[in-house]
>>> print(open('upload-v4.csv').read())   # CSV, C-alpha atoms and all ligand atoms
chain,number,residue,atom,x,y,z
A,376,MET,CA,-18.6,-76.3,69.4
A,377,ALA,CA,-17.3,-74.3,66.4
A,378,ALA,CA,-15.6,-77.3,64.7
A,379,MET,CA,-18.8,-79.4,64.7
A,380,LEU,CA,-21.9,-77.8,63.3
A,381,SER,CA,-25.0,-80.0,62.9
A,382,PRO,CA,-26.6,-79.5,59.5
A,383,LEU,CA,-29.3,-77.4,61.2
A,384,ARG,CA,-26.8,-75.2,63.0
A,385,MET,CA,-25.0,-74.8,59.7
A,386,LEU,CA,-28.2,-73.6,58.1
A,387,LEU,CA,-28.7,-71.2,61.0
A,388,CYS,CA,-25.2,-69.8,60.6
A,389,ALA,CA,-25.6,-69.3,56.9
A,390,ALA,CA,-28.9,-67.5,57.5
A,391,LYS,CA,-27.0,-65.0,59.7
A,392,CYS,CA,-24.8,-63.8,56.9
A,393,PRO,CA,-26.3,-60.5,55.5
A,394,PRO,CA,-27.1,-60.8,51.8
A,395,THR,CA,-24.8,-58.7,49.7
A,396,ARG,CA,-24.4,-58.1,46.0
A,397,HIS,CA,-20.8,-59.3,46.2
A,398,CYS,CA,-19.5,-62.5,47.7
A,399,SER,CA,-19.8,-62.9,51.4
A,400,SER,CA,-16.5,-62.8,53.3
A,401,PHE,CA,-16.8,-66.5,53.9
A,402,VAL,CA,-17.2,-67.2,50.2
A,403,SER,CA,-14.3,-64.9,49.2
A,404,ARG,CA,-12.0,-66.5,51.9
A,405,MET,CA,-12.8,-70.0,50.7
A,406,ARG,CA,-12.2,-69.0,47.1
A,407,TYR,CA,-9.0,-67.3,48.1
A,408,VAL,CA,-7.7,-70.4,49.8
A,409,ASN,CA,-8.6,-72.5,46.8
A,410,ARG,CA,-6.8,-70.2,44.5
A,411,LEU,CA,-3.7,-70.4,46.7
A,412,LYS,CA,-3.8,-74.2,46.5
A,413,GLU,CA,-3.9,-74.0,42.7
A,414,ASP,CA,-1.4,-71.2,42.0
A,415,ASP,CA,2.1,-71.5,43.4
A,416,ALA,CA,3.1,-67.9,42.7
A,417,SER,CA,0.1,-66.5,44.5
A,418,CYS,CA,0.7,-68.8,47.4
A,419,LEU,CA,4.3,-67.8,47.7
A,420,ALA,CA,3.2,-64.1,47.6
A,421,ALA,CA,0.6,-64.8,50.3
A,422,LEU,CA,3.3,-66.5,52.5
A,423,GLN,CA,5.2,-63.2,52.5
A,424,SER,CA,2.4,-61.4,54.3
A,425,GLY,CA,0.7,-64.4,55.9
A,426,HIS,CA,0.6,-65.8,59.5
A,427,ILE,CA,2.7,-68.8,60.4
A,428,PHE,CA,2.2,-71.3,63.3
A,429,LEU,CA,5.5,-72.9,64.2
A,430,PHE,CA,5.9,-76.6,65.1
A,431,HIS,CA,9.0,-78.5,66.2
A,432,ARG,CA,8.9,-82.2,65.3
A,433,LEU,CA,5.1,-81.9,65.1
A,434,SER,CA,4.6,-80.2,68.5
A,435,PRO,CA,3.1,-76.7,68.2
A,436,LEU,CA,4.6,-73.6,69.7
A,437,LEU,CA,2.4,-72.1,72.5
A,438,GLN,CA,2.8,-68.9,74.5
A,439,HIS,CA,1.4,-68.1,77.9
A,440,THR,CA,-1.0,-65.2,77.9
A,441,GLU,CA,-1.4,-62.6,80.6
A,442,ARG,CA,-4.8,-64.2,81.5
A,443,GLY,CA,-3.0,-67.5,82.3
A,444,THR,CA,-4.3,-69.2,79.2
A,445,PHE,CA,-2.3,-70.5,76.2
A,446,ARG,CA,-2.3,-69.5,72.6
A,447,PRO,CA,-0.3,-70.4,69.5
A,448,PRO,CA,1.4,-67.3,68.3
A,449,ALA,CA,0.6,-66.4,64.7
A,450,LEU,CA,4.0,-65.1,63.6
A,451,ILE,CA,4.5,-62.9,60.5
A,452,SER,CA,6.7,-64.2,57.8
A,453,SER,CA,9.5,-61.6,58.2
A,454,ASP,CA,9.7,-62.6,61.9
A,455,VAL,CA,10.0,-66.2,61.1
A,456,GLN,CA,12.7,-65.4,58.5
A,457,SER,CA,14.7,-63.5,61.0
A,458,VAL,CA,14.4,-66.3,63.6
A,459,LEU,CA,15.6,-68.8,61.0
A,460,GLU,CA,18.6,-66.6,60.0
A,461,ARG,CA,19.5,-65.9,63.6
A,462,LEU,CA,19.6,-69.7,64.3
A,463,GLY,CA,21.8,-70.4,61.3
A,464,SER,CA,19.2,-71.8,58.9
A,465,ASP,CA,19.1,-70.4,55.4
A,466,GLY,CA,15.8,-68.7,54.4
A,467,SER,CA,14.7,-71.6,52.2
A,468,LEU,CA,13.1,-73.4,55.1
A,469,LEU,CA,10.3,-70.8,55.1
A,470,LYS,CA,9.1,-72.1,51.7
A,471,GLU,CA,8.4,-75.4,53.4
A,472,SER,CA,5.4,-73.8,55.1
A,473,VAL,CA,2.1,-75.5,54.4
A,474,LEU,CA,-1.2,-73.5,53.9
A,475,ILE,CA,-3.8,-74.3,56.5
A,476,GLY,CA,-6.5,-71.6,56.0
A,477,CYS,CA,-7.4,-68.0,56.0
A,478,SER,CA,-8.3,-66.0,59.1
A,479,GLU,CA,-11.5,-63.9,59.3
A,480,GLN,CA,-9.1,-60.9,58.9
A,481,ASN,CA,-8.3,-62.3,55.4
A,482,GLN,CA,-4.8,-63.4,56.4
A,483,ALA,CA,-3.5,-66.5,54.8
A,484,GLN,CA,-2.4,-69.0,57.6
A,485,PHE,CA,0.5,-71.4,57.3
A,486,CYS,CA,2.3,-73.9,59.5
A,487,LEU,CA,6.0,-74.7,59.4
A,488,ASP,CA,8.0,-77.4,61.2
A,489,VAL,CA,11.4,-76.2,62.3
A,490,GLY,CA,12.4,-79.6,63.7
A,491,GLU,CA,15.9,-79.2,62.1
A,492,LEU,CA,16.7,-76.3,64.4
A,493,ASP,CA,17.5,-76.6,68.1
A,494,GLN,CA,14.2,-76.7,70.0
A,495,ALA,CA,15.4,-74.7,73.1
A,496,ALA,CA,17.0,-72.0,70.9
A,497,VAL,CA,13.7,-71.5,68.9
A,498,GLU,CA,11.7,-71.4,72.2
A,499,GLU,CA,14.0,-68.8,73.6
A,500,VAL,CA,13.9,-66.6,70.6
A,501,CYS,CA,10.1,-66.9,70.2
A,502,GLY,CA,9.2,-66.7,73.9
A,503,GLY,CA,7.2,-69.9,74.0
A,504,ASN,CA,7.3,-73.7,74.3
A,505,PHE,CA,6.7,-76.5,71.9
A,506,VAL,CA,4.0,-78.6,73.6
A,507,GLN,CA,2.9,-82.0,72.3
A,508,LEU,CA,-0.3,-81.8,70.3
A,509,ARG,CA,-2.2,-84.1,72.7
A,510,LYS,CA,-1.5,-81.7,75.5
A,511,SER,CA,-1.9,-78.5,73.4
A,512,TYR,CA,-5.2,-79.6,72.1
A,513,PHE,CA,-6.7,-79.6,75.6
A,514,LEU,CA,-5.0,-76.4,76.7
A,515,LEU,CA,-6.5,-74.4,73.9
A,516,THR,CA,-10.0,-73.2,73.6
A,517,GLY,CA,-12.0,-72.2,70.5
A,518,ALA,CA,-10.9,-72.6,66.9
A,519,GLU,CA,-7.2,-72.8,67.5
A,520,ALA,CA,-7.1,-76.4,68.6
A,521,PRO,CA,-8.6,-77.8,65.3
A,522,LEU,CA,-6.4,-75.4,63.3
A,523,LEU,CA,-3.3,-76.8,64.9
A,524,ALA,CA,-4.6,-80.3,64.5
A,525,LYS,CA,-5.0,-79.7,60.8
A,526,GLY,CA,-1.5,-78.2,60.6
A,527,GLN,CA,0.1,-81.1,62.4
A,528,ALA,CA,-1.8,-83.6,60.2
A,529,LEU,CA,-0.6,-81.9,57.0
A,530,LEU,CA,3.0,-81.6,58.3
A,531,ARG,CA,3.0,-85.3,59.3
A,532,TRP,CA,1.6,-86.3,55.9
A,533,HIS,CA,4.4,-84.4,54.1
A,534,GLN,CA,7.0,-85.9,56.4
A,535,THR,CA,5.8,-89.5,55.6
A,536,SER,CA,4.9,-89.1,51.9
A,537,ARG,CA,8.3,-88.1,50.4
A,538,PHE,CA,8.3,-91.1,48.0
A,539,CYS,CA,5.9,-92.5,45.5
A,540,SER,CA,4.6,-95.9,46.6
A,541,ALA,CA,4.3,-97.0,42.9
A,542,THR,CA,7.8,-96.0,41.6
A,543,GLY,CA,9.8,-95.3,44.7
A,544,GLN,CA,10.9,-92.0,43.3
A,545,PRO,CA,10.7,-88.7,45.2
A,546,THR,CA,7.4,-86.8,45.3
A,547,LEU,CA,7.4,-83.0,45.0
A,548,ARG,CA,4.9,-80.8,46.8
A,549,ASN,CA,3.0,-77.8,45.4
A,550,GLN,CA,3.6,-74.5,47.2
A,551,ALA,CA,0.5,-74.7,49.3
A,552,GLY,CA,1.3,-78.3,50.4
A,553,SER,CA,-2.1,-79.5,49.3
A,554,GLN,CA,-0.7,-82.2,47.1
A,555,ARG,CA,2.5,-84.1,46.1
A,556,VAL,CA,3.4,-85.4,42.6
A,557,CYS,CA,5.7,-88.2,41.8
A,558,SER,CA,8.7,-86.8,39.9
A,559,SER,CA,8.8,-89.8,37.6
A,560,SER,CA,5.2,-91.0,37.0
A,561,GLY,CA,3.2,-87.8,37.6
A,562,ILE,CA,0.9,-89.7,40.1
A,563,VAL,CA,-0.7,-87.1,42.3
A,564,TYR,CA,-1.1,-87.8,46.0
A,565,TYR,CA,-3.5,-85.9,48.3
A,566,PRO,CA,-3.5,-85.8,52.2
A,567,LYS,CA,-5.4,-88.7,53.7
A,568,MET,CA,-7.8,-89.1,56.6
A,569,SER,CA,-9.2,-92.5,57.8
A,570,PRO,CA,-13.0,-92.4,58.2
A,571,VAL,CA,-14.2,-93.5,61.6
A,572,VAL,CA,-17.9,-93.9,62.7
A,573,ILE,CA,-18.5,-92.9,66.3
A,574,VAL,CA,-22.0,-93.7,67.7
A,575,LEU,CA,-23.8,-93.1,70.9
A,576,VAL,CA,-26.3,-96.0,71.2
A,577,SER,CA,-29.4,-95.5,73.3
A,578,ASP,CA,-32.2,-97.8,74.4
A,579,GLY,CA,-34.5,-94.8,75.0
A,580,LYS,CA,-33.6,-94.5,78.7
A,581,ARG,CA,-29.9,-95.2,78.9
A,582,CYS,CA,-26.9,-94.7,76.7
A,583,LEU,CA,-24.1,-97.1,76.0
A,584,LEU,CA,-20.5,-96.2,76.8
A,585,ALA,CA,-17.4,-98.3,76.6
A,586,ARG,CA,-13.7,-98.2,77.6
A,587,GLN,CA,-10.5,-99.6,76.1
A,588,SER,CA,-7.7,-100.6,78.4
A,589,SER,CA,-5.6,-97.8,77.0
A,590,PHE,CA,-8.1,-95.1,78.1
A,591,PRO,CA,-7.3,-92.9,81.1
A,592,ARG,CA,-8.6,-94.1,84.4
A,593,GLY,CA,-12.4,-94.1,84.7
A,594,MET,CA,-13.0,-92.8,81.1
A,595,TYR,CA,-15.8,-94.2,79.1
A,596,SER,CA,-16.6,-93.1,75.6
A,597,ALA,CA,-19.0,-93.8,72.7
A,598,LEU,CA,-18.4,-96.8,70.5
A,599,ALA,CA,-16.1,-96.1,67.5
A,600,GLY,CA,-14.6,-98.0,64.6
A,601,PHE,CA,-12.7,-97.5,61.3
A,602,CYS,CA,-14.7,-97.8,58.1
A,603,ASP,CA,-13.7,-100.9,56.1
A,604,MET,CA,-13.1,-100.3,52.4
A,605,GLY,CA,-16.4,-100.1,50.4
A,606,GLU,CA,-18.6,-99.6,53.5
A,607,SER,CA,-21.2,-96.9,53.9
A,608,LEU,CA,-21.4,-94.9,57.2
A,609,GLU,CA,-24.5,-97.0,58.1
A,610,GLU,CA,-22.8,-100.3,57.4
A,611,THR,CA,-19.8,-99.4,59.5
A,612,LEU,CA,-22.0,-98.3,62.3
A,613,CYS,CA,-24.1,-101.5,62.4
A,614,ARG,CA,-21.0,-103.7,62.0
A,615,GLU,CA,-19.0,-102.0,64.8
A,616,VAL,CA,-22.0,-102.1,67.2
A,617,ALA,CA,-22.5,-105.8,66.4
A,618,GLU,CA,-18.8,-106.6,66.7
A,619,GLU,CA,-18.0,-104.7,69.8
A,620,VAL,CA,-21.1,-105.2,72.0
A,621,GLY,CA,-23.3,-107.8,70.2
A,622,LEU,CA,-26.3,-105.6,69.5
A,623,GLU,CA,-28.4,-104.9,66.5
A,624,VAL,CA,-29.2,-101.2,65.7
A,625,GLN,CA,-32.7,-100.2,64.9
A,626,SER,CA,-32.3,-96.6,63.7
A,627,ILE,CA,-29.5,-94.1,63.0
A,628,PHE,CA,-29.4,-90.3,63.2
A,629,TYR,CA,-26.4,-88.3,61.9
A,630,SER,CA,-25.2,-85.7,64.3
A,631,SER,CA,-21.9,-84.0,63.2
A,632,SER,CA,-18.3,-84.7,62.2
A,633,GLN,CA,-14.8,-83.9,63.3
A,634,HIS,CA,-11.2,-84.2,62.3
A,635,TRP,CA,-9.5,-86.1,65.1
A,636,PRO,CA,-5.7,-86.0,65.0
A,637,PHE,CA,-4.9,-88.8,67.5
A,638,PRO,CA,-3.1,-91.1,66.9
A,639,HIS,CA,-3.2,-90.1,63.2
A,640,SER,CA,-5.8,-88.2,61.1
A,641,SER,CA,-9.3,-89.7,61.5
A,642,PHE,CA,-12.4,-88.2,60.0
A,643,MET,CA,-15.0,-88.9,62.8
A,644,LEU,CA,-18.6,-89.2,61.6
A,645,GLY,CA,-20.8,-88.8,64.7
A,646,CYS,CA,-24.2,-90.5,65.0
A,647,HIS,CA,-26.8,-91.5,67.4
A,648,ALA,CA,-28.4,-94.9,67.2
A,649,THR,CA,-31.3,-96.6,69.0
A,650,ILE,CA,-31.8,-100.3,69.8
A,651,SER,CA,-34.9,-102.0,71.0
A,652,PRO,CA,-35.3,-101.8,74.8
A,653,ALA,CA,-36.2,-105.5,74.6
A,654,HIS,CA,-32.7,-106.4,73.4
A,655,THR,CA,-30.2,-104.6,75.6
A,656,GLN,CA,-28.1,-107.6,76.8
A,657,LEU,CA,-24.5,-106.8,76.0
A,658,ASP,CA,-22.0,-109.4,74.7
A,659,VAL,CA,-18.8,-107.4,74.9
A,660,ASP,CA,-15.8,-108.3,72.7
A,661,HIS,CA,-13.1,-108.2,75.3
A,662,THR,CA,-10.3,-108.2,72.7
A,663,GLU,CA,-11.4,-104.7,71.8
A,664,LEU,CA,-13.0,-103.3,74.9
A,665,GLU,CA,-12.2,-103.6,78.5
A,666,ASP,CA,-15.8,-102.9,79.5
A,667,ALA,CA,-19.1,-101.6,78.1
A,668,ARG,CA,-22.0,-100.5,80.2
A,669,TRP,CA,-25.4,-98.8,80.1
A,670,PHE,CA,-25.6,-95.4,81.9
A,671,GLY,CA,-28.7,-93.6,82.9
A,672,LEU,CA,-29.3,-89.8,82.7
A,673,GLU,CA,-28.5,-89.3,86.4
A,674,GLU,CA,-25.1,-91.0,86.2
A,675,ILE,CA,-24.2,-89.0,83.0
A,676,THR,CA,-25.4,-85.7,84.6
A,677,SER,CA,-23.1,-86.2,87.6
A,678,ALA,CA,-20.2,-87.3,85.3
A,679,LEU,CA,-20.6,-84.1,83.4
A,680,GLN,CA,-19.9,-82.2,86.7
A,681,VAL,CA,-16.5,-84.0,87.2
A,682,LYS,CA,-13.9,-81.4,86.3
A,683,THR,CA,-10.6,-83.3,87.0
A,684,PRO,CA,-9.8,-86.8,85.9
A,685,PRO,CA,-9.7,-89.4,88.7
A,686,ARG,CA,-6.3,-90.2,90.2
A,687,ARG,CA,-4.8,-93.4,91.4
A,688,GLY,CA,-6.4,-94.3,94.7
A,689,ASP,CA,-9.5,-92.1,94.2
A,690,PRO,CA,-12.8,-93.9,94.4
A,691,PRO,CA,-13.9,-95.1,90.9
A,692,VAL,CA,-15.8,-92.3,89.1
A,693,LEU,CA,-17.1,-92.0,85.6
A,694,TRP,CA,-14.9,-89.7,83.5
A,695,LEU,CA,-16.3,-88.5,80.1
A,696,PRO,CA,-14.3,-87.5,77.0
A,697,PRO,CA,-13.1,-83.8,77.0
A,698,LYS,CA,-15.1,-81.0,75.4
A,699,HIS,CA,-13.1,-81.0,72.1
A,700,ALA,CA,-14.0,-84.6,71.4
A,701,ILE,CA,-17.0,-85.4,69.4
A,702,ALA,CA,-17.9,-88.1,71.9
A,703,ASN,CA,-18.5,-85.4,74.4
A,704,HIS,CA,-20.7,-83.6,71.9
A,705,LEU,CA,-22.8,-86.7,71.3
A,706,ILE,CA,-23.2,-87.3,75.1
A,707,MET,CA,-24.3,-83.7,75.5
A,708,GLU,CA,-26.9,-84.0,72.7
A,709,TRP,CA,-28.2,-87.2,74.2
A,710,THR,CA,-28.4,-85.6,77.7
A,711,ASN,CA,-30.3,-82.6,76.5
A,712,ARG,CA,-32.8,-84.8,74.6
A,713,GLN,CA,-33.3,-87.0,77.6
A,714,ARG,CA,-33.9,-84.0,79.8
A,715,VAL,CA,-36.5,-82.6,77.4
A,716,SER,CA,-38.3,-85.9,77.1
A,717,GLU,CA,-38.3,-86.5,80.9
A,718,VAL,CA,-39.9,-83.0,81.4
A,719,GLY,CA,-42.5,-84.0,78.8
A,720,GLU,CA,-43.4,-87.3,80.6
B,1,LIG,N1,-12.9,-87.8,69.0
B,1,LIG,C1,-13.5,-88.7,69.8
B,1,LIG,O1,-14.4,-88.3,70.5
B,1,LIG,C2,-13.1,-90.1,69.7
B,1,LIG,C3,-13.8,-91.0,70.6
B,1,LIG,C4,-13.5,-92.4,70.5
B,1,LIG,C5,-12.5,-92.8,69.5
B,1,LIG,N2,-11.9,-91.9,68.7
B,1,LIG,C6,-10.9,-92.3,67.7
B,1,LIG,O2,-11.5,-93.2,66.9
B,1,LIG,C7,-10.5,-94.1,66.3
B,1,LIG,C8,-11.1,-95.5,66.1
B,1,LIG,O3,-11.6,-96.1,67.3
B,1,LIG,P1,-11.2,-97.6,67.6
B,1,LIG,O4,-9.8,-97.7,68.1
B,1,LIG,O5,-12.3,-98.0,68.6
B,1,LIG,O6,-11.4,-98.3,66.2
B,1,LIG,P2,-11.7,-99.9,65.9
B,1,LIG,O7,-12.8,-100.3,66.8
B,1,LIG,O8,-11.9,-99.9,64.4
B,1,LIG,O9,-10.5,-100.7,66.3
B,1,LIG,C9,-9.1,-100.3,66.0
B,1,LIG,C10,-8.5,-101.4,65.2
B,1,LIG,O10,-9.0,-101.3,63.8
B,1,LIG,C11,-8.0,-101.7,62.9
B,1,LIG,N3,-8.0,-100.7,61.8
B,1,LIG,C12,-8.8,-100.8,60.7
B,1,LIG,N4,-8.6,-99.7,59.9
B,1,LIG,C13,-7.7,-98.9,60.5
B,1,LIG,C14,-7.1,-97.6,60.2
B,1,LIG,N5,-7.4,-97.0,59.0
B,1,LIG,N6,-6.3,-97.1,61.1
B,1,LIG,C15,-6.0,-97.7,62.2
B,1,LIG,N7,-6.5,-98.9,62.6
B,1,LIG,C16,-7.3,-99.5,61.7
B,1,LIG,C17,-6.7,-101.9,63.7
B,1,LIG,O11,-6.5,-103.2,63.8
B,1,LIG,C18,-7.0,-101.2,65.0
B,1,LIG,O12,-6.3,-101.9,66.1
B,1,LIG,C19,-9.4,-94.1,67.3
B,1,LIG,O13,-8.2,-93.7,66.6
B,1,LIG,C20,-9.7,-93.0,68.4
B,1,LIG,O14,-8.7,-92.1,68.6
B,1,LIG,C21,-12.2,-90.6,68.8
B,2,MG,MG,-13.7,-99.5,68.5
>>> encode(input="upload-v4.csv", output="structure tokens", more="lines below")
Ligand SMILES: NC(=O)c1ccc[n+]([C@@H]2O[C@H](COP(=O)([O-])OP(=O)(O)OC[C@H]3O[C@@H](n4cnc5c(N)ncnc54)[C@H](O)[C@@H]3O)[C@@H](O)[C@H]2O)c1
Ligand SMILES: [Mg+2]
Amino acid sequence: MAAMLSPLRMLLCAAKCPPTRHCSSFVSRMRYVNRLKEDDASCLAALQSGHIFLFHRLSPLLQHTERGTFRPPALISSDVQSVLERLGSDGSLLKESVLIGCSEQNQAQFCLDVGELDQAAVEEVCGGNFVQLRKSYFLLTGAEAPLLAKGQALLRWHQTSRFCSATGQPTLRNQAGSQRVCSSSGIVYYPKMSPVVIVLVSDGKRCLLARQSSFPRGMYSALAGFCDMGESLEETLCREVAEEVGLEVQSIFYSSSQHWPFPHSSFMLGCHATISPAHTQLDVDHTELEDARWFGLEEITSALQVKTPPRRGDPPVLWLPPKHAIANHLIMEWTNRQRVSEVGE
């Protein structure tokens, strides 16, 4: 999963880069993006030759490909400019684009919300459809889904951060859209994510999954909870497991992290935790969770084979979080470890 590299995999990826006397292309891309965040003139120049992903009221534009898949078109600036002009908008909207990265081809990448234009008209001119992010996220494969999630998160932040919470005066963004400054007090605001710990608890033989009443039918996921102010990752993890299922954690292993756009930007910190096999009795907090249960390797293995979510009237079947979700990644890691340890027994 490209968006979630464990520290070991990160080391392996870094090891693959050939040593050069100059900066690696990764280093130069990261430095380029950083420069664009700090220098408005360079960012504006990069926008003229950059790629732009369009959104309409926070829904990204997707196109059907010949292979029956979907992709977000990366439009060039001059094309976006002519779409805007054709639909009666003056060119100034283009400058509202927000920097989201740099492609491996060294192209600066931006996103732009054209919510002030008629949705159907933009769709017709661009030959695509604006699809809600929750749906788009699961229609896309690879790195495009997290890129769009980042774009939507930044666009949402700009749309909801127009005023300083200390003075009530308007805030002004820099060209990259990486910060906003109060026009009166000079207070600088940066985009925010809420840290969330997500943990797959195991008693050595089984893993613990839970469901909230709002989850799709049959879906169980790892335990998750927002960090309280001042807490460490470990403290949040132990508190959430205690609060939600009444268990005390013995040990914690960090796995990986993920930006999760739903319902707003969360920074998911993924961990595994073990509890003593002698203390597995659950005391579920039913105000938070509809159900929590232990699942063995066999049940998880067959749930991983289920390809479509259960429908109303179908026999009850365990449905696991989709591939893009870090919960799925944790479950896969646990499954692989259990398989190895069962072979070793
Ligand atoms: N990507 C994944 O695999 C995955 C899996 C499970 C959950 N999640 C995400 O994790 C998040 C947290 O999980 P949870 O709902 O069990 O959390 P939780 O157990 O902390 O319960 C949510 C409650 O926490 C309170 N809360 C405290 N700080 C908050 C904040 N900054 N934002 C919103 N609410 C806050 C609210 O009262 C809210 O109702 C959810 O938004 C969910 O989308 C992601
Ligand atoms: Mg929770």
>>> atom_distance(input="upload-v4.csv", atom1="atom CA of Pro696 of chain A", atom2="atom C1 of ligand LIG 1 (chain B)")
7.3 Å
>>> residues_near_ligand(input="upload-v4.csv", ligand="ligand LIG 1 (chain B)", cutoff="10 Å", atoms="all atoms listed in the file", output="PyMOL selection string")
chain A and resi 568-574+585-587+589-590+595-604+611+615-616+618-619+632-645+662-664+695-706
>>> closest_residue(input="upload-v4.csv", among="A:Cys557, A:Leu468, A:Ile427, A:Leu436", to="Ser511 of chain A", atoms="all atoms listed in the file")
A:Leu436
>>> residues_around(input="upload-v4.csv", residues="Arg537 of chain A", least_positions_apart="4", cutoff="10 Å", atoms="all atoms listed in the file", output="list of chain:residue names")
A:Trp532, A:His533, A:Gly543, A:Gln544, A:Pro545, A:Thr546, A:Leu547, A:Arg548, A:Arg555, A:Val556, A:Cys557
>>> residues_around(input="upload-v4.csv", residues="Pro685 of chain A", least_positions_apart="5", cutoff="8 Å", atoms="only C-alpha atoms", output="PyMOL selection string")
chain A and resi 592-593+690-692+694
>>> closest_residue(input="upload-v4.csv", among="A:Met405, A:Leu492, A:Met707, A:Ala648", to="Gly579 of chain A", atoms="only C-alpha atoms")
A:Ala648
>>> closest_residue(input="upload-v4.csv", among="A:Met594, A:Leu575, A:Leu679, A:Val624", to="Cys646 of chain A", atoms="all atoms listed in the file")
A:Leu575
>>> decode(input="upload-v4.csv", residues="segment 634-665 of chain A", atoms="C-alpha atoms", output="compact mmCIF listing (two decimals), in the first residue's frame")
# COMPACT_ATOMS: atom_id res chain seq x y z
CA HIS A 634 -4.38 10.45 6.35
CA TRP A 635 -8.09 9.58 6.49
CA PRO A 636 -10.42 12.16 4.95
CA PHE A 637 -13.75 10.92 6.41
CA PRO A 638 -15.69 12.67 7.86
CA HIS A 639 -12.90 15.29 8.20
CA SER A 640 -9.12 15.04 8.17
CA SER A 641 -7.81 12.49 10.65
CA PHE A 642 -4.22 11.41 11.02
CA MET A 643 -4.56 7.67 11.67
CA LEU A 644 -1.75 6.11 13.70
CA GLY A 645 -1.98 2.35 13.18
CA CYS A 646 -0.78 -0.07 15.87
CA HIS A 647 -1.01 -3.66 16.99
CA ALA A 648 -1.51 -4.44 20.66
CA THR A 649 -1.55 -7.65 22.67
CA ILE A 650 -3.51 -8.51 25.76
CA SER A 651 -3.12 -11.46 28.09
CA PRO A 652 -4.97 -14.60 26.90
CA ALA A 653 -6.11 -14.93 30.54
CA HIS A 654 -8.05 -11.63 30.38
CA THR A 655 -10.07 -11.62 27.17
CA GLN A 656 -13.56 -11.07 28.60
CA LEU A 657 -15.09 -8.07 26.81
CA ASP A 658 -17.07 -5.35 28.54
CA VAL A 659 -18.34 -3.40 25.55
CA ASP A 660 -19.36 0.27 25.86
CA HIS A 661 -22.62 0.12 23.92
CA THR A 662 -22.93 3.91 23.73
CA GLU A 663 -19.91 3.82 21.33
CA LEU A 664 -20.03 0.35 19.81
CA GLU A 665 -22.89 -1.80 18.61
